[in-house]
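Structure file final.txt with compact mmCIF, C-alpha atoms and all ligand atoms:
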```txt
# COMPACT_ATOMS: atom_id res chain seq x y z
CA MET A 1 72.96 104.36 66.79
CA ILE A 2 75.78 102.17 65.44
CA LEU A 3 77.90 103.13 68.44
CA PHE A 4 75.04 102.23 70.80
CA ARG A 5 74.64 98.78 69.18
CA PHE A 6 78.38 98.18 69.28
CA SER A 7 78.58 98.95 73.01
CA LYS A 8 75.57 96.67 73.65
CA ILE A 9 77.28 93.82 71.77
CA LEU A 10 80.45 94.42 73.78
CA THR A 11 78.49 94.22 77.05
CA VAL A 12 76.86 90.92 76.04
CA LEU A 13 80.21 89.50 74.91
CA PHE A 14 81.72 90.53 78.24
CA TRP A 15 79.06 88.63 80.22
CA VAL A 16 79.23 85.53 77.97
CA PHE A 17 83.00 85.52 78.37
CA THR A 18 82.71 86.00 82.15
CA ILE A 19 80.23 83.14 82.60
CA VAL A 20 82.08 80.73 80.27
CA LEU A 21 85.43 81.47 81.85
CA TRP A 22 84.42 81.45 85.49
CA GLY A 23 81.15 79.50 85.45
CA GLN A 24 78.81 79.72 88.39
CA LYS A 25 80.81 79.39 91.58
CA THR A 26 80.46 80.55 95.16
CA THR A 27 83.73 80.94 97.06
CA LEU A 28 83.87 81.43 100.80
CA SER A 29 87.24 81.87 102.48
CA PHE A 30 87.65 81.24 106.19
CA GLY A 31 90.20 81.23 109.00
CA SER A 32 90.90 81.69 112.71
CA CYS A 33 93.65 82.23 115.29
CA HIS A 34 95.00 85.57 114.17
CA LYS A 35 97.36 88.05 115.81
CA MET A 36 97.28 91.35 113.98
CA ASP A 37 100.75 92.54 115.06
CA LYS A 38 102.58 89.78 113.24
CA SER A 39 103.84 90.68 109.77
CA SER A 40 102.24 87.44 108.55
CA SER A 41 98.85 89.01 109.33
CA ASP A 42 99.29 91.59 106.53
CA VAL A 43 100.43 88.88 104.14
CA ILE A 44 97.48 86.54 104.71
CA LEU A 45 94.81 89.28 104.84
CA ASN A 46 96.09 90.75 101.56
CA THR A 47 96.29 87.32 99.92
CA ILE A 48 92.65 86.59 100.78
CA ALA A 49 91.62 90.08 99.59
CA VAL A 50 93.29 89.63 96.18
CA GLU A 51 91.19 86.50 95.54
CA LYS A 52 87.96 88.50 96.05
CA PRO A 53 85.90 85.63 97.48
CA ASP A 54 82.13 85.95 97.87
CA GLY A 55 82.66 86.10 101.62
CA PHE A 56 85.26 85.75 104.33
CA ILE A 57 84.29 84.03 107.59
CA TRP A 58 86.14 84.56 110.87
CA LEU A 59 85.92 81.39 112.97
CA GLY A 60 87.05 82.92 116.23
CA ASP A 61 90.24 84.06 117.92
CA ILE A 62 90.09 87.02 115.55
CA VAL A 63 92.17 88.91 118.13
CA TYR A 64 93.73 87.73 121.38
CA GLY A 65 92.41 89.85 124.24
CA GLU A 66 94.02 89.69 127.68
CA ASP A 67 91.97 87.32 129.83
CA GLY A 68 89.09 89.17 131.52
CA ASN A 69 90.15 92.59 130.20
CA SER A 70 87.29 94.15 128.20
CA LYS A 71 89.19 97.33 127.51
CA ASP A 72 92.07 95.43 125.94
CA LEU A 73 89.68 93.38 123.80
CA LYS A 74 87.94 96.49 122.48
CA THR A 75 91.27 98.21 121.75
CA LYS A 76 92.41 95.17 119.79
CA PHE A 77 89.18 94.96 117.77
CA ASP A 78 89.50 98.69 116.98
CA ARG A 79 93.13 98.35 115.96
CA LEU A 80 92.35 95.45 113.64
CA SER A 81 89.44 97.38 112.14
CA ASN A 82 91.76 100.25 111.30
CA LYS A 83 94.59 98.15 109.95
CA ALA A 84 95.20 98.78 106.23
CA ALA A 85 95.34 95.09 105.26
CA TYR A 86 92.03 94.41 107.02
CA GLN A 87 90.39 97.41 105.39
CA ASN A 88 91.65 96.06 102.10
CA LEU A 89 89.97 92.71 102.86
CA LYS A 90 86.71 94.41 103.84
CA GLN A 91 86.68 96.32 100.56
CA SER A 92 87.24 93.16 98.55
CA THR A 93 84.52 90.98 100.12
CA LYS A 94 81.74 90.71 102.68
CA VAL A 95 83.11 89.73 106.09
CA TYR A 96 81.16 87.47 108.51
CA GLY A 97 82.28 86.22 111.88
CA ILE A 98 81.76 84.46 115.17
CA TRP A 99 83.97 84.39 118.21
CA ASP A 100 85.90 81.70 120.07
CA ASP A 101 87.45 82.10 123.53
CA HIS A 102 90.19 84.72 123.01
CA ASP A 103 87.88 87.20 121.29
CA TYR A 104 85.10 86.31 123.74
CA GLY A 105 87.39 87.57 126.46
CA ILE A 106 88.67 84.59 128.43
CA ASN A 107 90.62 81.41 127.69
CA ASP A 108 88.29 78.38 127.36
CA GLY A 109 85.52 80.66 128.72
CA GLY A 110 81.77 80.22 128.81
CA ALA A 111 78.46 81.44 130.24
CA ASP A 112 79.88 82.59 133.55
CA TYR A 113 82.24 85.16 132.00
CA VAL A 114 81.23 88.46 133.62
CA ASN A 115 82.07 90.81 130.74
CA LYS A 116 80.31 88.83 128.03
CA SER A 117 77.83 91.56 127.10
CA GLU A 118 80.68 94.05 126.53
CA SER A 119 82.46 91.44 124.38
CA ARG A 120 79.30 90.93 122.35
CA ARG A 121 78.88 94.65 121.81
CA ASP A 122 82.49 94.92 120.62
CA LEU A 123 82.30 91.87 118.34
CA PHE A 124 79.13 93.15 116.68
CA SER A 125 80.66 96.58 116.26
CA PHE A 126 83.83 95.04 114.74
CA LEU A 127 81.70 93.02 112.32
CA GLY A 128 79.67 96.12 111.48
CA LEU A 129 76.29 94.50 112.22
CA PRO A 130 73.54 97.04 111.55
CA LYS A 131 71.49 98.05 114.60
CA ASP A 132 68.38 96.32 113.22
CA HIS A 133 70.22 92.97 112.85
CA ARG A 134 68.22 90.18 114.51
CA ALA A 135 71.24 89.11 116.56
CA PHE A 136 70.78 92.22 118.72
CA GLN A 137 67.33 91.04 119.77
CA ARG A 138 68.64 87.94 121.53
CA GLU A 139 71.39 86.87 123.92
CA GLY A 140 74.63 85.48 122.50
CA ALA A 141 76.28 86.11 119.14
CA TYR A 142 74.76 83.49 116.81
CA GLN A 143 73.75 84.76 113.37
CA ALA A 144 72.47 83.46 110.04
CA TYR A 145 72.79 84.75 106.48
CA THR A 146 71.74 83.80 102.99
CA ILE A 147 74.37 84.02 100.29
CA GLN A 148 72.67 84.11 96.92
CA ALA A 149 74.26 82.55 93.84
CA ASN A 150 71.97 82.93 90.88
CA LYS A 151 69.11 80.46 91.43
CA HIS A 152 70.87 78.68 94.31
CA HIS A 153 71.67 79.83 97.76
CA VAL A 154 73.95 79.01 100.64
CA ARG A 155 72.71 79.37 104.21
CA LEU A 156 75.48 80.47 106.56
CA ILE A 157 74.75 79.63 110.21
CA LEU A 158 77.25 80.99 112.74
CA LEU A 159 77.12 79.14 116.06
CA ASP A 160 78.07 80.64 119.42
CA ASN A 161 80.00 78.09 121.48
CA ARG A 162 80.80 80.54 124.33
CA TYR A 163 77.96 82.66 125.64
CA PHE A 164 75.83 79.78 126.98
CA LYS A 165 78.51 77.12 127.53
CA THR A 166 78.57 75.57 130.99
CA ARG A 167 81.94 75.32 132.71
CA TYR A 168 84.20 72.42 131.66
CA VAL A 169 84.57 69.59 134.12
CA LYS A 170 88.24 68.74 134.65
CA SER A 171 89.41 65.15 134.81
CA LYS A 172 90.35 63.97 138.33
CA ASN A 173 93.47 62.11 137.16
CA ASN A 174 94.73 64.67 134.68
CA ARG A 175 93.94 68.34 135.44
CA GLN A 176 94.96 69.29 131.89
CA GLN A 177 92.18 67.16 130.48
CA TYR A 178 88.45 67.95 130.29
CA ARG A 179 86.06 65.17 131.22
CA LYS A 180 83.08 64.38 129.00
CA ASP A 181 80.14 66.31 130.41
CA ARG A 182 76.77 64.72 129.77
CA LYS A 183 74.79 67.25 131.78
CA GLY A 184 76.28 70.54 130.65
CA THR A 185 75.51 72.50 127.50
CA LEU A 186 77.64 73.98 124.75
CA LEU A 187 75.00 76.01 122.91
CA GLY A 188 72.18 76.56 125.40
CA LYS A 189 68.41 76.10 125.03
CA ALA A 190 67.51 79.26 123.08
CA GLN A 191 70.24 78.73 120.51
CA TRP A 192 69.22 75.10 120.02
CA ALA A 193 65.61 76.13 119.37
CA TRP A 194 66.86 78.75 116.88
CA ILE A 195 69.06 76.19 115.06
CA GLU A 196 66.17 73.75 114.71
CA LYS A 197 64.02 76.52 113.24
CA GLN A 198 66.81 77.39 110.80
CA LEU A 199 67.12 73.81 109.60
CA LYS A 200 63.43 72.98 109.53
CA ASN A 201 62.56 75.89 107.27
CA SER A 202 65.61 75.94 105.06
CA ASN A 203 65.46 75.54 101.31
CA ALA A 204 69.15 76.28 100.81
CA THR A 205 71.23 73.91 98.68
CA VAL A 206 74.31 74.21 100.89
CA HIS A 207 74.41 74.75 104.67
CA VAL A 208 77.61 76.19 106.07
CA PHE A 209 78.00 76.20 109.84
CA GLY A 210 80.74 78.41 111.29
CA CYS A 211 81.87 77.52 114.80
CA GLY A 212 84.89 78.17 117.03
CA ILE A 213 85.60 74.56 117.96
CA GLN A 214 85.73 71.22 116.12
CA LEU A 215 82.58 69.13 115.74
CA LEU A 216 83.97 65.81 114.52
CA SER A 217 87.50 65.29 115.83
CA ASN A 218 87.02 63.63 119.21
CA LYS A 219 90.29 62.18 120.52
CA HIS A 220 92.45 65.19 121.38
CA ARG A 221 92.48 66.76 124.84
CA PHE A 222 91.52 70.29 123.81
CA GLU A 223 88.17 72.02 123.41
CA LYS A 224 85.74 70.21 121.10
CA TRP A 225 82.04 69.38 120.76
CA SER A 226 82.63 65.87 122.05
CA ASN A 227 83.36 67.28 125.52
CA TYR A 228 79.56 67.62 125.46
CA PRO A 229 78.69 64.28 123.81
CA LYS A 230 74.94 64.79 124.08
CA GLU A 231 75.13 68.07 122.21
CA ARG A 232 77.35 66.62 119.49
CA LYS A 233 74.87 63.80 119.01
CA LYS A 234 72.01 66.29 119.00
CA MET A 235 73.64 68.27 116.19
CA LEU A 236 74.15 65.15 114.09
CA ARG A 237 70.57 64.00 114.79
CA LEU A 238 69.15 67.38 113.74
CA LEU A 239 71.03 67.19 110.45
CA GLN A 240 69.64 63.68 109.93
CA LYS A 241 66.11 64.60 111.01
CA TYR A 242 65.78 67.38 108.43
CA LYS A 243 68.15 65.79 105.90
CA VAL A 244 69.95 69.11 105.81
CA LYS A 245 71.41 69.50 102.35
CA ASN A 246 75.19 69.59 101.98
CA PRO A 247 76.13 70.29 105.61
CA ILE A 248 79.61 71.76 106.00
CA PHE A 249 81.11 72.79 109.32
CA LEU A 250 83.94 75.32 109.28
CA THR A 251 85.85 75.34 112.57
CA GLY A 252 88.93 76.81 114.22
CA ASP A 253 90.82 77.00 117.52
CA ARG A 254 93.32 74.20 116.94
CA HIS A 255 96.41 76.05 115.63
CA MET A 256 96.53 73.64 112.71
CA SER A 257 94.34 72.85 109.73
CA GLU A 258 92.76 69.54 108.83
CA LEU A 259 89.70 68.08 107.14
CA SER A 260 87.38 65.64 108.90
CA ILE A 261 84.54 63.76 107.23
CA ALA A 262 81.85 61.54 108.77
CA ASN A 263 79.23 59.39 107.11
CA ILE A 264 75.96 60.43 108.77
CA GLY A 265 73.71 58.11 106.78
CA TYR A 266 71.90 60.30 104.28
CA THR A 267 75.10 62.16 103.34
CA SER A 268 78.68 62.86 104.42
CA LEU A 269 79.36 65.67 106.86
CA ILE A 270 82.41 67.86 106.35
CA ASP A 271 84.25 69.55 109.23
CA ALA A 272 86.97 71.77 107.73
CA THR A 273 89.22 73.14 110.46
CA SER A 274 91.24 76.14 109.39
CA SER A 275 93.26 77.36 112.32
CA GLY A 276 96.39 79.36 112.43
CA MET A 277 96.12 82.37 110.13
CA THR A 278 99.19 83.59 112.03
CA GLU A 279 99.32 81.10 114.94
CA ALA A 280 99.94 77.68 113.43
CA LEU A 281 101.79 75.18 115.62
CA THR A 282 103.23 71.76 114.93
CA TYR A 283 103.10 69.95 118.29
CA ASN A 284 99.66 68.40 117.68
CA LEU A 285 100.09 67.28 114.08
CA THR A 286 100.33 63.58 114.95
CA GLU A 287 97.27 63.48 117.19
CA GLU A 288 94.59 60.87 116.56
CA ASN A 289 91.49 61.87 114.60
CA PRO A 290 89.43 58.98 113.24
CA TYR A 291 87.58 61.31 110.85
CA ARG A 292 90.65 62.93 109.27
CA VAL A 293 91.02 62.92 105.50
CA GLY A 294 94.32 64.20 104.14
CA PRO A 295 97.18 65.75 106.11
CA THR A 296 97.43 67.91 109.22
CA ILE A 297 98.78 71.32 108.27
CA GLY A 298 101.16 73.05 110.67
CA GLU A 299 101.89 76.24 108.75
CA ASP A 300 99.91 79.48 108.74
CA SER A 301 96.93 78.96 106.48
CA TYR A 302 93.35 79.78 105.56
CA GLY A 303 90.60 77.74 103.95
CA GLN A 304 88.41 78.05 100.90
CA LEU A 305 85.06 76.44 100.27
CA ILE A 306 84.12 76.54 96.61
CA VAL A 307 80.72 75.44 95.37
CA ASP A 308 80.72 74.88 91.63
CA TRP A 309 77.02 74.99 90.77
CA ASP A 310 77.49 73.94 87.12
CA GLU A 311 79.76 70.97 87.84
CA ARG A 312 77.85 70.25 91.09
CA LEU A 313 81.02 69.98 93.13
CA ILE A 314 82.08 71.14 96.56
CA SER A 315 85.80 71.80 97.10
CA ILE A 316 87.67 72.49 100.29
CA ILE A 317 91.15 73.92 99.81
CA PHE A 318 93.69 74.88 102.47
CA LYS A 319 96.19 77.49 101.33
CA ASN A 320 99.29 78.98 102.92
CA SER A 321 99.52 82.70 103.64
CA LYS A 322 100.73 83.40 100.10
CA GLY A 323 97.79 81.56 98.55
CA VAL A 324 99.66 78.39 97.59
CA PRO A 325 97.34 75.35 97.90
CA LEU A 326 98.49 72.83 100.53
CA TYR A 327 95.64 70.35 100.25
CA ALA A 328 92.45 70.13 98.21
CA TYR A 329 89.43 67.87 98.57
CA GLN A 330 86.40 67.54 96.35
CA GLN A 331 83.02 65.82 96.58
CA ASP A 332 79.77 65.91 94.63
CA LEU A 333 76.88 68.08 95.70
CA MET A 334 73.98 66.03 97.04
CA LYS A 335 71.27 65.24 94.52
CA ILE A 336 68.34 67.53 95.21
CA ASN A 337 64.83 66.39 94.37
FE FE B 401 90.24 79.23 120.84
```
Take the structure in the file and give it back as C-alpha cells.
Amino acid sequence: MILFRFSKILTVLFWVFTIVLWGQKTTLSFGSCHKMDKSSSDVILNTIAVEKPDGFIWLGDIVYGEDGNSKDLKTKFDRLSNKAAYQNLKQSTKVYGIWDDHDYGINDGGADYVNKSESRRDLFSFLGLPKDHRAFQREGAYQAYTIQANKHHVRLILLDNRYFKTRYVKSKNNRQQYRKDRKGTLLGKAQWAWIEKQLKNSNATVHVFGCGIQLLSNKHRFEKWSNYPKERKKMLRLLQKYKVKNPIFLTGDRHMSELSIANIGYTSLIDATSSGMTEALTYNLTEENPYRVGPTIGEDSYGQLIVDWDERLISIIFKNSKGVPLYAYQQDLMKIN
C-alpha cells in the first residue's frame, strides 16, 4: 500500500515537473531542398530527430528525381525511406509532407506532366498515408491535419502547387523570366473549393499552410505565387474573409531561408521560407523582398515553428544543420474571442 502511494506521488511529481519545466508548447520543424546522398543529409535529419518535435513537415524537393523519370523518382523515395537517419527521424516524430517540382517529377512542372499520377502514388507511399486517407479520394496531393495540443489545436493545410498548375508564360524579352499570368491557375478549382471549406469551418487557433513555393516574396525571378497574381490575392482575401486565426505559411524551393511578414489588416501573415536542408546557395541572398524581416540565410538549415500556448507566443527559428539558431522571430498569438 505504502509502495503504491509512493509510486503514485512520484508519477504526479513527474507530470508537475514536466509541465512546469516545458510548459504547453507545440513545435513543428520544417524544411525543403534535400539530397539524401550528401553527408549533410544525415547530420540535419539526426539533428531534427534529437529535438523530438511534435511534427516534421517536408515542403517539397524531398528528393531530386531525374526530370520525367518516374522510375528514378520512386527509387529515390524508397532509398530515402530506408535510410537510417530518416528512419530515426520517423521514429522521433510524425512526418507530414507535400511536394514541389523535383519530387513531383519535373523542373518547374505543372498540370501537363504526364507521370503525375505515378508521382502522387509514390509520394503518398513515401509519406505512409493510410489507404483510407481522404487525399486518395481526390486528384492532387493536398492534405489537412489537426495537431492537438491540450485544449488548443493547430490545423495543418498542405497545398499542392503542382498537380493543377497551368504552364508558366515566359517573358518575351527575357526567356529566363516568367511573366505574370492573370488567366492561369496555381491551385486549380477543386483545391480552391476545398481550401475555402477548410477555412470556413475551422475552429483551430493556429493555421499552418505548407506549400512548395513562396507566397509573399514577389520581386525575384523564380517560381512564386505572384506569378499568378490573381491567385495570390485570392489567398489573402480568403484569409481576410474568414479572419483565419494566426495564419502561417511555411514554404521552400528557394535554396535559402528567410522570413517574410505582411500586414493583411486583421492580423499579420507570416511566410517562413526554409529552403536548403542540404542545398543552400548564396547567389540570391541580396535579392529584393519588400516583406523580408531579418536576414537571408545561405547555409544549410531547417525551420522551427513553436507555439507557446501559456505565454501566447509564436516563434519562428531558423537553425543550421547542427541545430544552432541562426535567426529567431517572435510575435504574440492573436487574441481569440
Ligand atoms: Fe523546387
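Neighbours of ligand FE 401 (chain B) at a cut-off of 6 Å, computed so that all atoms listed in the file are counted, are the residues A:Asp61, A:Asp100, A:Asp101, A:His102, A:Asp253.
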Task: Minimum-distance residue to A:Gln24, chosen among A:Asn46, A:Ser257, A:Asn203, A:Gln148 (using all atoms listed in the file) - done: A:Gln148
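Here the selection is built from all atoms listed in the file, and the residues within 7 Å of (85.5, 79.2, 101.2) turn out to be A:Thr27, A:Leu28, A:Ser29, A:Phe30, A:Gly303, A:Gln304, A:Leu305, A:Ile306.
For the set A:Leu187, A:Phe77, A:Ser202, A:Asn246, the residue with the smallest atom-to-atom gap to A:Tyr228 is A:Leu187, counting all atoms listed in the file.
Here atom CA of A:Pro53 stands at a distance of 25.6 Å from atom CA of A:Lys131.
Between A:Arg167 and the candidates A:Ile248, A:Val50, A:Ala111, A:Ile195, the tightest atom-to-atom separation, counting only C-alpha atoms, involves A:Ala111.
Atom CA of A:Gly212 is found 19.2 Å from atom CA of A:Glu287.
In terms of minimum interatomic distance to A:Glu223, A:Val169 ranks closest within A:Ile317, A:Val206, A:Val169, A:Ile264, counting all atoms listed in the file.
Those residues that approach A:Ile62 to within 10 Å, counting all atoms listed in the file, are Gly31, Ser32, Cys33, His34, Lys35, Met36, Trp58, Leu59, Gly65, Lys76, Phe77, Leu80, Gly97, Ile98, Trp99, Asp100, Asp101, His102, Asp103, Tyr104, Leu123 and Met277 of chain A; same-chain residues fewer than 3 positions away are not listed.
Taking atom CA of A:His152 as the reference point, atom CA of A:Gly252 is found at 26.9 Å.
Closest approach to A:Asp310 among A:Asn150, A:Phe126, A:His133, A:Arg79: A:Asn150, based on all atoms listed in the file.
If you measure from each of A:Asn289, A:Val324, A:Thr278, A:Lys83 to A:Lys38 using all atoms listed in the file, the closest one turns out to be A:Thr278.
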Open item on the list: Report as a PyMOL selection string all protein, DNA and RNA residues lying within 8 Å of A:Thr185, evaluated on all atoms listed in the file, omitting residues in the same chain fewer than 4 positions from it.
Closed with: chain A and resi 164-166+228+231
TODO: Take the point (81.5, 93.4, 107.3) as written in the file and pick out every residue within 8 Å of it, counting all atoms listed in the file; give the list as a ChimeraX atom specification.
DONE: /A:90,94-96,126-129
TODO: Within 7 Å of A:Val154, counting all atoms listed in the file, which residues show up once you throw out same-chain ones fewer than 5 positions away? Write them as a PyMOL selection string, please.
DONE: chain A and resi 146-148+204-207
Task: Close residues, A:Lys243 itself excluded, 9 Å, only C-alpha atoms, min 3 positions apart in chain, as a list in words - done: Leu199, Leu238, Leu239, Gln240, Asn246, Tyr266 and Thr267 of chain A
